[in-house]
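Chemist: Sending over model30.pdb (PDB, C-alpha atoms, pLDDT in the B column).
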ATOM      1  CA  MET A 248       0.000   0.000   0.000  1.00 86.00           C
ATOM      2  CA  GLN A 249       1.343   3.430  -0.968  1.00 92.00           C
ATOM      3  CA  LEU A 250       0.715   6.329   1.412  1.00 94.00           C
ATOM      4  CA  VAL A 251       0.761   9.952   0.228  1.00 95.00           C
ATOM      5  CA  ASN A 252       1.329  12.990   2.436  1.00 96.00           C
ATOM      6  CA  ILE A 253      -1.580  15.435   2.075  1.00 97.00           C
ATOM      7  CA  GLY A 254      -0.137  17.979   4.480  1.00 95.00           C
ATOM      8  CA  PHE A 255       0.457  18.370   8.220  1.00 95.00           C
ATOM      9  CA  GLY A 256       1.649  14.787   8.548  1.00 93.00           C
ATOM     10  CA  ASN A 257      -1.607  13.288   7.259  1.00 97.00           C
ATOM     11  CA  LEU A 258      -1.299  10.304   4.949  1.00 96.00           C
ATOM     12  CA  VAL A 259      -3.810   8.819   2.509  1.00 97.00           C
ATOM     13  CA  ALA A 260      -3.749   5.439   0.768  1.00 96.00           C
ATOM     14  CA  ALA A 261      -2.892   6.360  -2.826  1.00 94.00           C
ATOM     15  CA  ASP A 262      -4.620   3.317  -4.320  1.00 95.00           C
ATOM     16  CA  ARG A 263      -7.949   4.373  -2.756  1.00 96.00           C
ATOM     17  CA  VAL A 264      -8.033   7.888  -4.248  1.00 97.00           C
ATOM     18  CA  VAL A 265     -10.247   8.165  -7.327  1.00 97.00           C
ATOM     19  CA  ALA A 266     -10.076  11.930  -7.907  1.00 97.00           C
ATOM     20  CA  ILE A 267      -8.308  15.045  -6.661  1.00 97.00           C
ATOM     21  CA  VAL A 268     -10.314  18.180  -7.421  1.00 98.00           C
ATOM     22  CA  SER A 269     -10.505  21.856  -6.569  1.00 97.00           C
ATOM     23  CA  PRO A 270     -13.245  22.812  -4.072  1.00 98.00           C
ATOM     24  CA  GLU A 271     -14.453  25.854  -6.037  1.00 97.00           C
ATOM     25  CA  SER A 272     -17.277  24.452  -8.174  1.00 97.00           C
ATOM     26  CA  ALA A 273     -20.874  24.105  -7.012  1.00 98.00           C
ATOM     27  CA  PRO A 274     -21.041  20.326  -7.604  1.00 98.00           C
ATOM     28  CA  ILE A 275     -17.953  19.749  -5.459  1.00 98.00           C
ATOM     29  CA  LYS A 276     -19.317  22.020  -2.719  1.00 98.00           C
ATOM     30  CA  ARG A 277     -22.527  19.988  -2.812  1.00 98.00           C
ATOM     31  CA  LEU A 278     -20.549  16.729  -2.653  1.00 98.00           C
ATOM     32  CA  VAL A 279     -18.616  17.986   0.403  1.00 98.00           C
ATOM     33  CA  SER A 280     -21.834  19.134   2.087  1.00 98.00           C
ATOM     34  CA  GLU A 281     -23.534  15.771   1.498  1.00 98.00           C
ATOM     35  CA  ALA A 282     -20.484  13.894   2.784  1.00 98.00           C
ATOM     36  CA  ARG A 283     -20.470  16.054   5.935  1.00 98.00           C
ATOM     37  CA  ASP A 284     -24.155  15.350   6.541  1.00 98.00           C
ATOM     38  CA  GLU A 285     -23.652  11.594   6.050  1.00 98.00           C
ATOM     39  CA  GLY A 286     -20.498  11.352   8.181  1.00 98.00           C
ATOM     40  CA  ARG A 287     -18.220  10.522   5.243  1.00 98.00           C
ATOM     41  CA  LEU A 288     -16.089  13.693   5.428  1.00 98.00           C
ATOM     42  CA  ILE A 289     -12.514  13.735   6.711  1.00 98.00           C
ATOM     43  CA  ASP A 290     -11.198  17.256   7.302  1.00 98.00           C
ATOM     44  CA  ALA A 291      -7.377  17.249   7.212  1.00 98.00           C
ATOM     45  CA  THR A 292      -6.990  21.030   6.792  1.00 97.00           C
ATOM     46  CA  TYR A 293      -6.241  21.873  10.450  1.00 96.00           C
ATOM     47  CA  GLY A 294      -8.498  24.921  10.166  1.00 96.00           C
ATOM     48  CA  ARG A 295      -6.845  26.266   7.055  1.00 97.00           C
ATOM     49  CA  ARG A 296      -8.457  26.969   3.705  1.00 97.00           C
ATOM     50  CA  THR A 297      -9.473  23.893   1.708  1.00 98.00           C
ATOM     51  CA  ARG A 298      -7.487  23.766  -1.522  1.00 98.00           C
ATOM     52  CA  ALA A 299      -8.012  20.157  -2.597  1.00 98.00           C
ATOM     53  CA  VAL A 300     -10.797  17.613  -2.248  1.00 98.00           C
ATOM     54  CA  LEU A 301      -9.848  13.949  -2.498  1.00 98.00           C
ATOM     55  CA  ILE A 302     -12.581  11.469  -3.374  1.00 98.00           C
ATOM     56  CA  THR A 303     -12.038   7.827  -2.464  1.00 98.00           C
ATOM     57  CA  ASP A 304     -13.376   4.658  -4.022  1.00 98.00           C
ATOM     58  CA  VAL A 305     -15.356   3.817  -0.869  1.00 97.00           C
ATOM     59  CA  GLY A 306     -17.207   7.140  -0.798  1.00 97.00           C
ATOM     60  CA  TYR A 307     -15.160   9.126   1.702  1.00 98.00           C
ATOM     61  CA  VAL A 308     -14.351  12.747   0.909  1.00 98.00           C
ATOM     62  CA  ILE A 309     -11.079  14.157   2.280  1.00 98.00           C
ATOM     63  CA  LEU A 310     -10.305  17.870   2.533  1.00 98.00           C
ATOM     64  CA  ALA A 311      -6.675  18.980   2.241  1.00 98.00           C
ATOM     65  CA  ALA A 312      -4.973  22.353   2.625  1.00 97.00           C
ATOM     66  CA  VAL A 313      -2.498  21.761  -0.218  1.00 97.00           C
ATOM     67  CA  GLN A 314      -3.097  22.337  -3.925  1.00 97.00           C
ATOM     68  CA  PRO A 315      -4.466  19.456  -6.050  1.00 97.00           C
ATOM     69  CA  GLU A 316      -1.342  19.648  -8.234  1.00 97.00           C
ATOM     70  CA  THR A 317       0.852  19.187  -5.163  1.00 96.00           C
ATOM     71  CA  VAL A 318      -1.042  16.073  -4.082  1.00 96.00           C
ATOM     72  CA  ALA A 319      -0.852  14.682  -7.628  1.00 94.00           C
ATOM     73  CA  GLN A 320       2.905  15.286  -7.777  1.00 94.00           C
ATOM     74  CA  ARG A 321       3.345  13.540  -4.442  1.00 93.00           C
ATOM     75  CA  MET A 322       1.301  10.583  -5.669  1.00 92.00           C
ATOM     76  CA  LYS A 323       3.509  10.014  -8.681  1.00 88.00           C
ATOM     77  CA  GLY A 324       6.758  11.251  -7.145  1.00 78.00           C
ATOM     78  CA  SER A 325       9.122  10.157  -4.466  1.00 56.00           C
ATOM     79  CA  GLU A 326       6.913  11.313  -1.570  1.00 51.00           C
ATOM     80  CA  ALA A 327       4.661   8.258  -1.872  1.00 55.00           C
ATOM     81  CA  ARG A 328       5.694   5.681   0.717  1.00 58.00           C
ATOM     82  CA  GLU A 329       5.348   1.954   0.340  1.00 64.00           C
ATOM     83  CA  VAL A 330       4.000   0.254   3.468  1.00 63.00           C
TER      84      VAL A 330
END
Give the structure from this file in structure tokens form.

Modeler:
Amino acid sequence: MQLVNIGFGNLVAADRVVAIVSPESAPIKRLVSEARDEGRLIDATYGRRTRAVLITDVGYVILAAVQPETVAQRMKGSEAREV
């Protein structure tokens, strides 16, 4: 299993992530709101501004305070850790 740093020492299983998107659009805001209501939201921003939304294959939505491009680079680069 590969783990990817999404900021502040938080790690996500890279093989579970389906999409990494920006939180600006209305459909993504709606997706985040629905996930919060259903208890499927993981907020890893530590109170900072949400810059990336990670969507997993099991329906969880993860908020990160780093840019989507940064997470993508970490997923394909050397920052992914094999466990």

Chemist: How big is the axis-aligned box around all listed atoms of region 286-297 of chain A once 5 Å goes on each side, and where's its centre, in Å to one decimal, as JSON?

Modeler:
{"center_x": -13.4, "center_y": 18.7, "center_z": 6.1, "size_x": 24.3, "size_y": 26.4, "size_z": 18.7}

Chemist: Skipping near chain neighbours, those fewer than 5 positions away, what residues fall within 12 Å of Arg295 (chain A) using only C-alpha atoms, listed as an NGL selection string?

Modeler: :A and (254-255 or 290 or 310-313)

Chemist: Would you export the selected residues with C-alpha atoms as a CSV table (one decimal), in the coordinates of the input, please?

Modeler:
chain,number,residue,atom,x,y,z
A,254,GLY,CA,-0.1,18.0,4.5
A,255,PHE,CA,0.5,18.4,8.2
A,290,ASP,CA,-11.2,17.3,7.3
A,310,LEU,CA,-10.3,17.9,2.5
A,311,ALA,CA,-6.7,19.0,2.2
A,312,ALA,CA,-5.0,22.4,2.6
A,313,VAL,CA,-2.5,21.8,-0.2

Chemist: Mind listing whatever residues come within 6 Å of the point (-9.6, 6.8, -6.3)? Use all atoms listed in the file, file coordinates, and give them as a list in words.

Modeler: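 Within the cut-off we find Arg263, Val264, Val265, Ala266, Thr303 and Asp304 of chain A.
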
Chemist: Let me see the file: selected residues, C-alpha atoms, as a PDB file, in the coordinates of the input.

Modeler:
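Contents of result.pdb, freshly written:
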ATOM      1  CA  ARG A 263      -7.949   4.373  -2.756  1.00 96.00           C
ATOM      2  CA  VAL A 264      -8.033   7.888  -4.248  1.00 97.00           C
ATOM      3  CA  VAL A 265     -10.247   8.165  -7.327  1.00 97.00           C
ATOM      4  CA  ALA A 266     -10.076  11.930  -7.907  1.00 97.00           C
ATOM      5  CA  THR A 303     -12.038   7.827  -2.464  1.00 98.00           C
ATOM      6  CA  ASP A 304     -13.376   4.658  -4.022  1.00 98.00           C
TER       7      ASP A 304
END

Chemist: Point out the residue among A:Ile275, A:Val318, A:Ala282, A:Ile302 with the least atom-to-atom distance to Val251 (chain A), counting all atoms listed in the file.

Modeler: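 The closest residue to Val251 (chain A) is A:Val318.
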
Chemist: Nearest to Lys276 (chain A) among A:Thr292, A:Thr297, A:Gln249, A:Asn257, with distances taken over all atoms listed in the file: which residue is it?

Modeler: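 Closest to Lys276 (chain A), using all atoms listed in the file: A:Thr297.
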
Chemist: If the PyMOL selection byres ((chain A and resi 321) around 12) is run on the structure shown, which residues does it catch, given as a list of chain:residue names?

Modeler: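 Here the PyMOL selection byres ((chain A and resi 321) around 12) matches A:Gln249, A:Leu250, A:Val251, A:Asn252, A:Ile253, A:Gly254, A:Leu258, A:Val259, A:Ala260, A:Ala261, A:Ile267, A:Val313, A:Gln314, A:Pro315, A:Glu316, A:Thr317, A:Val318, A:Ala319, A:Gln320, A:Met322, A:Lys323, A:Gly324, A:Ser325, A:Glu326, A:Ala327, A:Arg328.
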
Chemist: Go through A:Pro270, A:Met248, A:Tyr307, A:Gly256 and flag the residue nearest Asp284 (chain A), using only C-alpha atoms for the distances.

Modeler: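 When distances to Asp284 (chain A) are compared using only C-alpha atoms, the smallest one comes from A:Tyr307.
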
Chemist: Can you work out the spacing between CA of Arg287 (chain A) and CA of Ala273 (chain A) in Å, to one decimal?

Modeler: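 According to the coordinates, CA of Arg287 (chain A) and CA of Ala273 (chain A) are separated by 18.5 Å.
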
Chemist: In Å to one decimal, how far is CA of Leu278 (chain A) from CA of Leu301 (chain A)?

Modeler: 11.1 Å

Chemist: Record the distance separating CA of Gly294 (chain A) and CA of Glu281 (chain A), expressed in Å with one decimal.

Modeler: 19.6 Å

Chemist: So that I can see what lies close to Glu271 (chain A), please list as JSON, numbers by chain the residues with an atom at most 10 Å from it, counting only C-alpha atoms and leaving out residues fewer than 6 positions away in the same chain.

Modeler: {"A": [297, 298, 299, 300]}
